[in-house]
Amino acid sequence: MLSNPDDLARWHEDGYFVLPGFNAAAQLEAVRARAHAIVSGFEPDDSISRFSTRDRALVADTALLASADKVRCFFEEEALDAAGRLQVPKERSINKIGHALHALDPVFRDFSRGPGLARVAEAVGLKQPQVWQSQVIFKQPHIGGEVGWHQDASFFVTDPQTVTTFWFALEDATLDNGCLWVEPGGHRGARGVLREQFVCEDGHLRMRPLDPTPWPDTAHARALPVKAGTLVVFDGLLPHYSGPNRSPVSRMAYTLHVTDGRAAYSPMNWLQRTSAQTVCGLD
Ligand code: FE2
């Protein structure tokens, strides 16, 4: 498990690593059940439906910023009609839960730490791992949205770059239900530049272009279909995307974004912690 030289060489070469069987079935069952319970308890307020499409962007910014230290549900775009009314049952409408599950929810807190995770973090060079964000991503059947090419470092700029993504398959991820696709090696050399930064300015969020290096074409993308229980670790500079889910099967995943506490965390990043308790280690 990333402990022999060949594995580490592959990590450096490819910018990602796949660890099948990292989580046991009982652990997966516990966090899936907890995620569904959070959604069941979620009371969608009607604020979304009261705003025009243009204003909705501002509402979305405000909701995102307010979720940094909370456990909050976000709708799938296609779950709402033009007037903001739910088109599917609530249980099928949620795109994700974020962004402080790892700190505030006991079930996810347990899942988000432990010697196994700490060992992986150490192996990939995170000497002082700090978890900034946690998300459950549902990728709902039929309406699960596509997430286009991006680099997670855009959302967690540190100097030097350290953010590393821990992507846990809570269900099987397949070509049909929207598994990850990556550009192997796209995190290093001339292609390993940060193309854009997601910044917060005066309460408004926007993607600021940094470098014109184009995104890979799909011919250079590698699909990562994985079984439930697999942990995929990838470098924050690695370009990746996931397709829409038009299948009848959901593709739940859980992610942690982890930086090294020795690196400087950008004050422009959208997620700023107001309370020390929500920036956690892994053990
Ligand atoms: Fe991502």
# chains A, B, ... in the order shown; residues from 1 in each chain; ligands from 1
>>> select_by_dssp(residues="stretch 67-217 of chain A", states="strand (DSSP E)", output="JSON, numbers by chain")
{"A": [71, 72, 73, 74, 75, 94, 95, 96, 97, 98, 99, 129, 130, 131, 132, 133, 134, 135, 136, 137, 147, 148, 149, 150, 158, 159, 164, 165, 166, 167, 168, 169, 180, 181, 182, 196, 197, 198, 199, 200, 201, 204, 205, 206, 207, 208, 209]}
>>> residues_around(residues="A:Ile137", least_positions_apart="6", cutoff="9 Å", atoms="only C-alpha atoms", output="list in words")
Ile94, Asn95, Lys96, Ile97, Gly98, Arg251, Met252, Ala253, Tyr254 and Thr255 of chain A
>>> write_last_selection(atoms="N, CA, C and O atoms", output="PDB file, in the first residue's frame")
ATOM      1  N   ILE A  94     -30.221  15.427  -4.245  1.00  0.00           N
ATOM      2  CA  ILE A  94     -29.048  16.051  -3.633  1.00  0.00           C
ATOM      3  C   ILE A  94     -27.777  15.715  -4.412  1.00  0.00           C
ATOM      4  O   ILE A  94     -27.480  14.548  -4.675  1.00  0.00           O
ATOM      5  N   ASN A  95     -27.071  16.742  -4.778  1.00  0.00           N
ATOM      6  CA  ASN A  95     -25.792  16.589  -5.477  1.00  0.00           C
ATOM      7  C   ASN A  95     -24.702  16.199  -4.504  1.00  0.00           C
ATOM      8  O   ASN A  95     -23.910  15.290  -4.752  1.00  0.00           O
ATOM      9  N   LYS A  96     -24.646  16.935  -3.370  1.00  0.00           N
ATOM     10  CA  LYS A  96     -23.577  16.624  -2.410  1.00  0.00           C
ATOM     11  C   LYS A  96     -23.929  17.148  -1.028  1.00  0.00           C
ATOM     12  O   LYS A  96     -24.830  17.991  -0.869  1.00  0.00           O
ATOM     13  N   ILE A  97     -23.192  16.637  -0.048  1.00  0.00           N
ATOM     14  CA  ILE A  97     -23.226  17.170   1.310  1.00  0.00           C
ATOM     15  C   ILE A  97     -21.823  17.696   1.608  1.00  0.00           C
ATOM     16  O   ILE A  97     -20.830  17.032   1.312  1.00  0.00           O
ATOM     17  N   GLY A  98     -21.734  18.907   2.144  1.00  0.00           N
ATOM     18  CA  GLY A  98     -20.412  19.462   2.480  1.00  0.00           C
ATOM     19  C   GLY A  98     -20.535  20.431   3.632  1.00  0.00           C
ATOM     20  O   GLY A  98     -21.639  20.808   4.003  1.00  0.00           O
ATOM     21  N   ARG A 251     -23.780   6.616  -7.792  1.00  0.00           N
ATOM     22  CA  ARG A 251     -22.323   6.458  -7.662  1.00  0.00           C
ATOM     23  C   ARG A 251     -21.856   7.360  -6.523  1.00  0.00           C
ATOM     24  O   ARG A 251     -21.345   8.431  -6.749  1.00  0.00           O
ATOM     25  N   MET A 252     -22.066   6.886  -5.292  1.00  0.00           N
ATOM     26  CA  MET A 252     -21.696   7.707  -4.143  1.00  0.00           C
ATOM     27  C   MET A 252     -20.196   7.648  -3.890  1.00  0.00           C
ATOM     28  O   MET A 252     -19.595   6.571  -3.918  1.00  0.00           O
ATOM     29  N   ALA A 253     -19.642   8.816  -3.611  1.00  0.00           N
ATOM     30  CA  ALA A 253     -18.228   8.889  -3.237  1.00  0.00           C
ATOM     31  C   ALA A 253     -18.098   9.878  -2.090  1.00  0.00           C
ATOM     32  O   ALA A 253     -18.982  10.711  -1.857  1.00  0.00           O
ATOM     33  N   TYR A 254     -16.986   9.770  -1.380  1.00  0.00           N
ATOM     34  CA  TYR A 254     -16.683  10.691  -0.279  1.00  0.00           C
ATOM     35  C   TYR A 254     -15.281  11.211  -0.536  1.00  0.00           C
ATOM     36  O   TYR A 254     -14.398  10.435  -0.933  1.00  0.00           O
ATOM     37  N   THR A 255     -15.088  12.498  -0.385  1.00  0.00           N
ATOM     38  CA  THR A 255     -13.756  13.041  -0.636  1.00  0.00           C
ATOM     39  C   THR A 255     -13.262  13.862   0.547  1.00  0.00           C
ATOM     40  O   THR A 255     -14.054  14.506   1.259  1.00  0.00           O
TER      41      THR A 255
END
>>> residues_around(residues="A:Ala190", least_positions_apart="5", cutoff="12 Å", atoms="only C-alpha atoms", output="count of residues only")
7
>>> closest_residue(among="A:Glu146, A:Asp81, A:Asp110, A:Glu76", to="A:Pro244", atoms="only C-alpha atoms")
A:Glu146
>>> residues_near_ligand(ligand="ligand 1", cutoff="10 Å", atoms="only C-alpha atoms and all ligand atoms", output="list of chain:residue names")
A:Val147, A:Gly148, A:Trp149, A:His150, A:Gln151, A:Asp152, A:Ala153, A:Ser154, A:Phe155, A:Thr165, A:Trp167, A:Leu180, A:Val182, A:Phe234, A:Gly236, A:Leu237, A:Leu238, A:Pro239, A:His240, A:Tyr241, A:Ser242, A:Thr255, A:His257
>>> closest_residue(among="A:Ala25, A:Ala66, A:Val124, A:Ala219", to="A:Leu8", atoms="only C-alpha atoms")
A:Val124
>>> residues_around(residues="A:Phe42", least_positions_apart="6", cutoff="12 Å", atoms="only C-alpha atoms", output="list in words")
Ala35, His36, Val71, Arg72, Cys73, Phe74, Phe75, Lys90, Glu91, Ser93, Ile94 and Ile97 of chain A
>>> write_last_selection(atoms="N, CA and C atoms", output="JSON list (two decimals), in the first residue's frame")
[["chain", "number", "residue", "atom", "x", "y", "z"],
["A", 35, "ALA", "N", -25.19, 9.24, 5.49],
["A", 35, "ALA", "CA", -25.43, 10.24, 4.44],
["A", 35, "ALA", "C", -26.92, 10.31, 4.11],
["A", 36, "HIS", "N", -27.55, 9.15, 3.98],
["A", 36, "HIS", "CA", -28.99, 9.14, 3.67],
["A", 36, "HIS", "C", -29.78, 9.75, 4.82],
["A", 71, "VAL", "N", -22.58, 21.13, 7.96],
["A", 71, "VAL", "CA", -22.97, 19.95, 7.17],
["A", 71, "VAL", "C", -24.24, 20.36, 6.45],
["A", 72, "ARG", "N", -24.12, 20.57, 5.15],
["A", 72, "ARG", "CA", -25.24, 21.13, 4.39],
["A", 72, "ARG", "C", -25.43, 20.35, 3.09],
["A", 73, "CYS", "N", -26.68, 20.24, 2.66],
["A", 73, "CYS", "CA", -26.98, 19.53, 1.41],
["A", 73, "CYS", "C", -27.09, 20.53, 0.25],
["A", 74, "PHE", "N", -26.62, 20.12, -0.91],
["A", 74, "PHE", "CA", -26.69, 20.95, -2.12],
["A", 74, "PHE", "C", -27.46, 20.18, -3.19],
["A", 75, "PHE", "N", -28.31, 20.90, -3.91],
["A", 75, "PHE", "CA", -29.12, 20.25, -4.94],
["A", 75, "PHE", "C", -28.33, 19.94, -6.20],
["A", 90, "LYS", "N", -36.88, 14.33, -2.82],
["A", 90, "LYS", "CA", -35.74, 14.94, -2.14],
["A", 90, "LYS", "C", -34.53, 13.99, -2.07],
["A", 91, "GLU", "N", -34.81, 12.72, -1.78],
["A", 91, "GLU", "CA", -33.73, 11.74, -1.63],
["A", 91, "GLU", "C", -32.91, 11.58, -2.91],
["A", 93, "SER", "N", -32.50, 14.17, -5.06],
["A", 93, "SER", "CA", -32.26, 15.52, -5.58],
["A", 93, "SER", "C", -30.91, 16.10, -5.16],
["A", 94, "ILE", "N", -30.22, 15.43, -4.24],
["A", 94, "ILE", "CA", -29.05, 16.05, -3.63],
["A", 94, "ILE", "C", -27.78, 15.72, -4.41],
["A", 97, "ILE", "N", -23.19, 16.64, -0.05],
["A", 97, "ILE", "CA", -23.23, 17.17, 1.31],
["A", 97, "ILE", "C", -21.82, 17.70, 1.61]]
>>> select_by_dssp(residues="stretch 104-142 of chain A", states="helix (DSSP H, G or I)", output="PyMOL selection string")
chain A and resi 104+106-111+115-123
>>> closest_atom_pairs(of="stretch 75-102 of chain A", to="stretch 126-133 of chain A", cutoff="10 Å", atoms="only C-alpha atoms", output="tab-separated table")
residue	atom	partner	partner_atom	distance
A:Gly98	CA	A:Gln133	CA	7.5
A:His99	CA	A:Gln133	CA	5.2
A:Ala100	CA	A:Gln133	CA	5.9
A:Leu101	CA	A:Gln133	CA	8.0
A:His102	CA	A:Gln133	CA	7.5
>>> closest_residue(among="A:Phe166, A:Phe111, A:Tyr265, A:Phe138", to="A:Thr230", atoms="only C-alpha atoms")
A:Phe166
